[in-house]
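Here the structure is laid out as structure tokens; the discussion comes afterwards.
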Number of protein chains: 4
Amino acid sequence: MIKAGIIGATGYAGGELVKILMGHRDVKIVWYGSKSYTGQPYGDVFQNFFKIVDGACLDDDLERLAGEADVIFTATPQGYLASVLNEKILSQAKVIDLSADYRIKDVSVYEKWYGMTHKSPQFIEEAVYGLCEKNRQQIQNARLIANPGCYPTCTFLSIYPLAKEGYLDMKTLIVDAKSGTSGAGRGARVPNLYCEVNENIKAYGVTTHRHTPEIEEQLSYAAGEPVTINFTPHLVPMNRGILITAYASLKKEAGYEELKAVYDRYYKDEYFVRVLKENVCPETRWVEGSNFVDVNFRIDPRTNRVIMMGAMDNLVKGAAGQAVQNMNLMFGLEENEGLRMAPLFP
Amino acid sequence: MIKAGIIGATGYAGGELVKILMGHRDVKIVWYGSKSYTGQPYGDVFQNFFKIVDGACLDDDLERLAGEADVIFTATPQGYLASVLNEKILSQAKVIDLSADYRIKDVSVYEKWYGMTHKSPQFIEEAVYGLCEKNRQQIQNARLIANPGCYPTCTFLSIYPLAKEGYLDMKTLIVDAKSGTSGAGRGARVPNLYCEVNENIKAYGVTTHRHTPEIEEQLSYAAGEPVTINFTPHLVPMNRGILITAYASLKKEAGYEELKAVYDRYYKDEYFVRVLKENVCPETRWVEGSNFVDVNFRIDPRTNRVIMMGAMDNLVKGAAGQAVQNMNLMFGLEENEGLRMAPLFP
Amino acid sequence: MIKAGIIGATGYAGGELVKILMGHRDVKIVWYGSKSYTGQPYGDVFQNFFKIVDGACLDDDLERLAGEADVIFTATPQGYLASVLNEKILSQAKVIDLSADYRIKDVSVYEKWYGMTHKSPQFIEEAVYGLCEKNRQQIQNARLIANPGCYPTCTFLSIYPLAKEGYLDMKTLIVDAKSGTSGAGRGARVPNLYCEVNENIKAYGVTTHRHTPEIEEQLSYAAGEPVTINFTPHLVPMNRGILITAYASLKKEAGYEELKAVYDRYYKDEYFVRVLKENVCPETRWVEGSNFVDVNFRIDPRTNRVIMMGAMDNLVKGAAGQAVQNMNLMFGLEENEGLRMAPLFP
Amino acid sequence: MIKAGIIGATGYAGGELVKILMGHRDVKIVWYGSKSYTGQPYGDVFQNFFKIVDGACLDDDLERLAGEADVIFTATPQGYLASVLNEKILSQAKVIDLSADYRIKDVSVYEKWYGMTHKSPQFIEEAVYGLCEKNRQQIQNARLIANPGCYPTCTFLSIYPLAKEGYLDMKTLIVDAKSGTSGAGRGARVPNLYCEVNENIKAYGVTTHRHTPEIEEQLSYAAGEPVTINFTPHLVPMNRGILITAYASLKKEAGYEELKAVYDRYYKDEYFVRVLKENVCPETRWVEGSNFVDVNFRIDPRTNRVIMMGAMDNLVKGAAGQAVQNMNLMFGLEENEGLRMAPLFP
């Protein structure tokens with residue numbers, strides 16, 4: 001059994017990690033870390049786990065945890081892991097970080113978009129960007145995984161095949177994203193109150209959202225050229241789910257069959273990426289509670305653009321599920337072990 | 001492997017059965033029956049199953065299915081199973097009926113509340129009411145299970161210990177219930193449109209809801225006397241979940257500790273019934289997507305009443321999950337096999 | 001023009017007051033009081049009023065306000081008004097209090113249920129309970145109005161005719177209530193976050209909700225005997241609306257026509273109370289955004305109980321609308337002036 | 001008093017017309033037309049109008065109605081008005097059409113996108129496109145108004161100033177739109193059921209939505225050149241509201257102050273268009289139930305694009321409210337008469 005510890009177990013992503021790992025036959029959770037709820041029974045904080053999780057919340061002592069666990073998941077605020085990570089920890093336990101601390105290779109870009117000084121840039125190089133569908137090999141040997149952001153995961157997987165194959169004029173790429181409210185976290189803030197979110201839709205972080213450079217970096221690798229995009233997230237009155245709608249001009253003429261073949265080539269062996277049938281648009285309801293990403297595209301001959309769409313559960317493939325997928329790779333397990341649950345509908 | 005067939009696989013309860021059975025290691029689904037969608041790929045009707053369920057929808061030929069399956073689940077409209085069930089079917093496959101056709105022992109009561117003639121009353125006596133926590137023994141040997149209704153399951157489990165132990169003045173019992181909209185089914189009707197249900201709450205079926213006699217019959221067995229109640233369901237703008245709030249006068253004086261001990265005695269070995277801590281009210285969010293029922297109570301010394309509450313996922317413990325729980329018992333499996341998933345939150 | 005001041009203008013009820021008074025042809029708002037947002041433009045806090053409300057938020061200096069306004073609305077936390085009200089204020093301006101400070105005549109009951117000492121009990125006797133349909137005469141001459149609570153308003157108007165006419169065995173009365181989330185206020189608390197309220201229903205304040213003694217007092221006046229009830233509120237995932245479902249045994253045999261005639265007699269001249277047609281249940285969607293209360297009832301001959309139901313917008317008839325209705329009466333205006341807006345659907 | 005008749009009074013837009021016209025001091029509704037509900041009391045179909053609207057639903061006899069009304073609103077399916085309109089009707093009553101029948105000047109474009117033959121193209125030339133902020137003069141003298149579509153209204157008003165002033169490279173324009181579910185109408189269809197829409201977001205009509213040519217035509221007039229765009233609507237789990245997020249490259253360098261001045265110049269005297277403060281994004285909650293359109297923009301120096309945003313209530317400014325605004329202009333009333341209601345929040 002793999003002994004797993006979670007720091008930040010009382011956030012939404014942390015709770016999802018607990019749910020998934022409880023259903024994973026090779027894993028035992030040994031540490032429910034929560035700075036805010038230390039000492040309280042975990043099943044009292046998240047009552048869905050009442051009577052099925054026994055432990056009380058522990059603190060966030062990463063060093064001690066490293067001595068007791070084989071793998072540590074950190075679902076913590078930006079900057080936390082960077083401020084405490086050290087070689088000793090990494091030599092004792094594998095670390096999968098759900099925050100953004102090691103996702104961006106250029107530390108100056110990180111510091112600019114996140115507005116903070118990076119406290120341990122020495123680990124950035126080593127960290128592997130844990131997008132399993134792309135970096136499967138490196139992940140298997142990694143000690144430190146930078147688990148991708150929710151928007152970047154959905155965006156990248158929706159666009160990757162066409163970007164990589166040179167179909168897209170990357171200068172024209174625009175990503176319009178929509179997310180459920182669990183992405184905003186469990187902090188008590190007025191804008192996230194029920195009556196403020198319900199019956200409303202709004203854009204936020206327009207031109208400034210922190211996931212922008214992460215998306216750009218990954219797409220740059222794919223396209224083989226620097227990529228600068230517009231990325232606009234919107235807050236949707238629902239609990240879970242991300243939908244991205246991406247627009248780009250085609251660099252070369254191509255019909256549906258040709259582009260469909262490209263997507264199929266990239267994803268035919270990918271368990272978690274489902275390329276939908278022609279004219280079927282991804283919808284978040286069809287992936288909720290699962291690790292799937294549904295993608296599809298549509299060509300507009302009037303404008304010579306391709307519209308690429310992707311839907312995903314932000315807490316699963318966008319956070320906890322992908323983290324477990326990374327863990328599976330790191331420990332030599334089946335990549336979809338513990339992750340084969342079908343989406344929950346309705 | 002148990003070969004399972006589902007009639008009515010394209011309703012909400014049918015879809016939940018597919019989801020649960022796919023995660024059950026001892027079961028293989030051999031028949032996705034749907035009169036409305038016969039011939040269409042199942043994964044096109046419920047796209048959450050796209051690429052993970054291969055089959056196309058088959059018809060509702062129960063006789064043929066009985067020859068190919070070990071167990072048949074019927075998630076069909078009232079009266080359907082009663083109109084086609086026969087001895088030959090029952091001799092070939094076990095049948096778990098999610099409709100109300102065999103739940104009520106007195107056929108005249110059934111016919112009055114359901115407004116239809118019962119077509120095969122000869123099987124009513126044999127049918128076992130599949131409330132596992134109560135009828136575990138009989139279920140193990142049954143050929144035909146009447147899977148309980150959603151409201152009756154939640155109501156019964158919330159009240160049973162106190163009714164059975166004689167604490168309640170049953171003449172004073174009132175059950176005020178609240179349900180998510182999946183309980184209304186997937187039929188295209190104006191009252192179930194998004195804009196009609198959203199931002200609304202209403203009572204329906206006041207004094208006339210069909211689950212009333214089912215609740216009364218089961219509580220009569222428990223209390224050892226005829227029980228007549230008021231049962232008022234309400235439609236809540238959410239997908240899943242049932243909450244019941246029940247009121248009854250105490251027949252004898254009793255404090256919290258005494259009643260708590262009663263609940264604990266009945267449920268301490270029940271995996272799926274969670275008696276909450278003092279003053280913690282059941283909430284549907286904590287059971288969504290799981291087979292758990294959370295129950296609790298509160299005594300009001302001012303009125304000498306006890307308020308009993310229960311929360312449950314109407315599609316799981318209230319339908320598909322309980323059906324699988326019954327199947328597990330009938331086939332000698334662990335009762336919670338395939339049903340240990342933790343609730344999904346948020 | 002009546003000059004109106006609002007203390008607590010940046011809560012949900014305060015915002016509704018602003019909306020209603022803006023559409024009232026005889027009123028000019030002179031004071032947008034908000035302790036939390038003093039100095040900020042009101043249209044920045046509640047952006048629905050951007051460009052249509054000019055002022056900035058002022059403080060909560062009730063004495064100064066009394067010198068500038070003809071009427072003061074206080075939509076403030078419990079205890080606030082009681083701590084600052086004095087004779088000088090009351091001699092200068094009429095005060096309509098949306099908090100509970102002067103609703104309960106027995107100060108010891110208030111102090112017990114609200115858990116605080118009443119700072120100005122000398123005004124309790126004078127305060128008129130502002131349920132216009134019942135206390136119309138006294139309201140016209142009042143200086144101080146205790147604007148009724150949302151649950152009490154809906155409960156009382158649904159039950160009043162039958163209680164007053166002696167049809168109900170008041171000892172058997174049970175009120176099961178359901179409310180939208182705006183009733184919980186705009187404070188930043190985890191239980192009111194979108195993801196905690198959405199897809200959930202729960203009871204709260206079981207046996208202890210503060211509106212209980214208010215309901216009991218008013219029903220006692222109506223029934224002519226002390227009334228003790230069970231009152232159980234539930235939180236519903238919607239913004240606005242209250243539905244109550246009340247149960248009581250009939251003291252004398254009576255059929256639909258007889259009880260309908262009673263309701264009609266009491267409400268035939270009431271603009272804001274709509275007695276629905278037979279078998280039509282009140283629904284919150286049909287009253288949203290309006291000052292209407294829809295009521296109806298159903299007799300259950302099996303149990304000899306009558307189920308009484310009422311639906312209302314908690315922010316309008318349950319708070320701001322009723323406050324304006326009181327103001328109209330106090331200033332000799334048409335009772336429905338500024339309140340004739342039809343409900344908003346969907 | 002202006003006598004108004006409504007054909008299609010039992011759809012969502014028709015109901016909103018009734019609500020607005022009831023609050024309009026110069027109008028009396030004389031005809032509640034509904035093919036589906038002819039003969040039924042209007043207040044039984046839309047119970048928000050119970051006891052406040054007296055009439056029963058009449059049929060859709062436009063010729064007879066023209067003899068009884070001064071103005072006719074048609075909130076009817078595409079093609080209906082075109083199939084019955086004639087000179088006699090237009091000579092007797094002004095007609096404001098909420099369908100798309102006369103919005104597009106090039107009949108071949110209409111017939112292609114709407115997939116039907118236009119039955120009365122002879123009136124297309126005469127019909128005035130009822131976007132009041134742009135065509136105020138022609139509207140005053142019109143007999144036939146083509147009331148703009150919801151998406152086109154929101155899109156146009158968000159983009160118009162910059163398009164007209166030549167700031168935008170119109171070839172790069174992309175409009176990503178999000179709408180509440182009332183826009184899908186009140187027809188009983190499975191995709192619009194509560195459980196299908198709730199907890200979901202999806203794109204629909206990608207590259208094919210019928211509002212595309214309407215937007216293009218109006219933007220072409222503004223920009224002085226043919227405009228072809230990508231327009232992608234999304235269905236959001238909420239009742240009301242449209243948000244559009246539009247992207248275009250700037251043709252000339254410009255800073256915030258310059259573009260803000262352009263918007264202010266166009267809209268400073270427009271009651272219904274609110275240009276928000278810098279960095280404040282439009283949100284549908286702030287306009288719900290009102291005729292306002294909130295617009296704003298943000299420049300991205302990294303990509304040289306401007307992101308333009310607009311929020312609006314699809315049933316008010318996107319349908320019924322704008323129709324009444326047109327009526328006011330046609331009858332020489334204050335343009336905002338009956339339309340000054342503040343948005344409803346929450």
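Starting from 1 in every chain, residues are counted up; chains themselves are A, B, ... following the order of the structure tokens, and ligands are numbered from 1 as listed.
Residues of chain A having any atom within 7 Å of chain B, counting only C-alpha atoms, are Lys19, Gly23, Gln47, Asn48, Phe49, Asn239, Trp286, Val287, Met341, Ala342, Pro343 and Pro346 of chain A.
Using only C-alpha atoms, the residues found no farther than 9 Å from B:Pro77, other than those of its own chain fewer than 3 positions away, are Gly8, Thr74, Tyr80, Leu81, Ser99 and Ala100 of chain B.
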All helix (DSSP H, G or I) residues (DSSP, backbone) inside stretch 45-252 of chain B, as a ChimeraX atom specification:
/B:45,47-49,62-68,80-84,87-92,107-114,121-123,132-140,150-164,181-184,190-192,194-197,211-223
Distance query stretch 130-134 of chain D at most 10 Å, only C-alpha atoms, self and fewer than 2 positions along chain excluded, as JSON, numbers by chain
{"D": [96, 97, 98, 103, 127, 128, 136, 137, 138, 139, 140, 142, 144, 145, 146, 147, 148, 149, 152, 153, 156, 157, 160, 218, 222, 266, 267, 269, 270, 271, 272, 273, 317, 322, 323, 325, 326, 327, 329, 335]}
Residues as selected, C-alpha atoms, written as a tab-separated table (two decimals), in the first residue's frame, can you do that?
```tsv
chain	number	residue	atom	x	y	z
D	96	ILE	CA	-43.90	45.45	-33.11
D	97	ASP	CA	-42.57	42.03	-34.01
D	98	LEU	CA	-40.39	40.22	-31.47
D	103	ARG	CA	-34.94	41.98	-39.05
D	127	ALA	CA	-39.75	47.52	-41.35
D	128	VAL	CA	-37.50	49.51	-39.04
D	136	ARG	CA	-34.48	56.45	-32.80
D	137	GLN	CA	-35.64	58.75	-35.58
D	138	GLN	CA	-36.96	56.14	-37.98
D	139	ILE	CA	-38.70	54.28	-35.17
D	140	GLN	CA	-40.81	57.32	-34.34
D	142	ALA	CA	-42.58	53.45	-38.28
D	144	LEU	CA	-43.70	48.02	-38.43
D	145	ILE	CA	-40.84	47.40	-36.02
D	146	ALA	CA	-38.49	44.46	-36.24
D	147	ASN	CA	-37.60	44.20	-32.57
D	148	PRO	CA	-33.95	43.10	-32.36
D	149	GLY	CA	-32.85	39.69	-31.15
D	152	PRO	CA	-27.74	41.07	-31.36
D	153	THR	CA	-28.93	43.79	-28.97
D	156	PHE	CA	-24.27	45.50	-30.88
D	157	LEU	CA	-24.47	47.90	-27.98
D	160	TYR	CA	-20.97	49.77	-31.59
D	218	GLN	CA	-25.98	45.70	-38.01
D	222	ALA	CA	-21.75	50.61	-38.11
D	266	TYR	CA	-22.08	57.53	-27.57
D	267	TYR	CA	-23.88	56.63	-24.40
D	269	ASP	CA	-27.37	60.50	-22.92
D	270	GLU	CA	-28.63	56.96	-23.16
D	271	TYR	CA	-30.69	56.07	-20.13
D	272	PHE	CA	-30.50	52.35	-20.71
D	273	VAL	CA	-26.82	51.89	-21.51
D	317	LYS	CA	-33.85	44.77	-23.11
D	322	GLN	CA	-37.01	46.97	-25.90
D	323	ALA	CA	-40.38	46.38	-27.56
D	325	GLN	CA	-39.14	51.22	-25.61
D	326	ASN	CA	-39.99	51.11	-29.31
D	327	MET	CA	-43.67	51.61	-28.55
D	329	LEU	CA	-40.96	56.19	-29.32
D	335	GLU	CA	-38.63	56.69	-24.08
```
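Looking only at stretch 84-224 of chain C, the set that DSSP places in strand (DSSP E) from backbone geometry is Lys94, Val95, Ile96, Asp97, Val128, Tyr129, Leu144, Ile145, Ala146, Leu168, Asp169, Met170, Lys171, Thr172, Leu173, Ile174, Val175, Asp176, Ala177, Lys178, Ser179, Lys202 and Ala203 of chain C.
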For the residues selected in the previous step, produce a file with N, CA and C atoms as a short mmCIF file (atom, residue, chain, number, x, y, z; two decimals), in the first residue's frame.
```
data_model
loop_
_atom_site.label_atom_id
_atom_site.label_comp_id
_atom_site.auth_asym_id
_atom_site.auth_seq_id
_atom_site.Cartn_x
_atom_site.Cartn_y
_atom_site.Cartn_z
N LYS C 94 -40.91 58.99 12.05
CA LYS C 94 -41.50 57.69 12.26
C LYS C 94 -40.43 56.63 11.99
N VAL C 95 -40.49 55.56 12.74
CA VAL C 95 -39.47 54.52 12.61
C VAL C 95 -40.13 53.18 12.28
N ILE C 96 -39.64 52.56 11.21
CA ILE C 96 -40.11 51.22 10.83
C ILE C 96 -38.93 50.28 10.94
N ASP C 97 -39.01 49.39 11.90
CA ASP C 97 -37.87 48.55 12.24
C ASP C 97 -38.02 47.16 11.62
N VAL C 128 -46.07 49.08 17.28
CA VAL C 128 -47.18 48.36 16.66
C VAL C 128 -46.62 47.28 15.75
N TYR C 129 -47.13 46.08 15.91
CA TYR C 129 -46.69 44.97 15.07
C TYR C 129 -47.27 45.18 13.67
N LEU C 144 -43.85 53.99 15.88
CA LEU C 144 -42.82 52.94 15.81
C LEU C 144 -43.48 51.63 15.36
N ILE C 145 -42.97 51.12 14.26
CA ILE C 145 -43.51 49.87 13.72
C ILE C 145 -42.49 48.76 13.87
N ALA C 146 -42.93 47.65 14.44
CA ALA C 146 -42.12 46.43 14.43
C ALA C 146 -42.55 45.64 13.19
N LEU C 168 -59.13 25.23 14.13
CA LEU C 168 -57.91 24.45 14.32
C LEU C 168 -57.69 24.07 15.77
N ASP C 169 -57.28 22.83 15.97
CA ASP C 169 -56.79 22.41 17.28
C ASP C 169 -55.34 22.92 17.38
N MET C 170 -55.16 24.04 18.02
CA MET C 170 -53.87 24.74 17.96
C MET C 170 -52.74 23.92 18.59
N LYS C 171 -53.08 23.00 19.47
CA LYS C 171 -52.03 22.17 20.07
C LYS C 171 -51.37 21.25 19.04
N THR C 172 -52.06 21.04 17.92
CA THR C 172 -51.52 20.11 16.92
C THR C 172 -50.79 20.83 15.80
N LEU C 173 -50.69 22.14 15.90
CA LEU C 173 -50.14 22.92 14.79
C LEU C 173 -48.63 22.72 14.62
N ILE C 174 -48.25 22.39 13.40
CA ILE C 174 -46.83 22.21 13.04
C ILE C 174 -46.58 23.02 11.78
N VAL C 175 -45.50 23.81 11.79
CA VAL C 175 -45.18 24.63 10.62
C VAL C 175 -43.82 24.21 10.08
N ASP C 176 -43.84 23.69 8.86
CA ASP C 176 -42.60 23.31 8.19
C ASP C 176 -42.35 24.35 7.11
N ALA C 177 -41.25 25.10 7.24
CA ALA C 177 -41.02 26.24 6.37
C ALA C 177 -39.77 26.05 5.52
N LYS C 178 -39.76 26.69 4.36
CA LYS C 178 -38.65 26.60 3.43
C LYS C 178 -38.33 28.00 2.93
N SER C 179 -37.05 28.34 2.93
CA SER C 179 -36.68 29.70 2.53
C SER C 179 -35.51 29.72 1.56
N LYS C 202 -31.46 21.46 3.73
CA LYS C 202 -31.24 21.10 5.13
C LYS C 202 -32.24 21.86 5.99
N ALA C 203 -32.55 21.27 7.14
CA ALA C 203 -33.26 22.00 8.18
C ALA C 203 -32.22 22.75 9.02
#
```
Which neighbours of B:Tyr42 fall inside 6 Å, counting only C-alpha atoms, when residues of the same chain fewer than 3 positions from it are skipped, and could you give them as a list in words?
Val45, Ala56 and Cys57 of chain B
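Here the question is which of C:Leu58, C:Cys195, C:Val109, C:Gln40 gets nearest to A:Gly11 using only C-alpha atoms, and that residue is C:Cys195.
For the choices D:Glu126, D:Glu253, D:Glu278, D:Asp264, the atom-to-atom distance to D:Asn304 is smallest for D:Glu253 when using only C-alpha atoms.
In this structure, atom CA of B:Gly14 sits 11.7 Å away from atom CA of B:Ile72.
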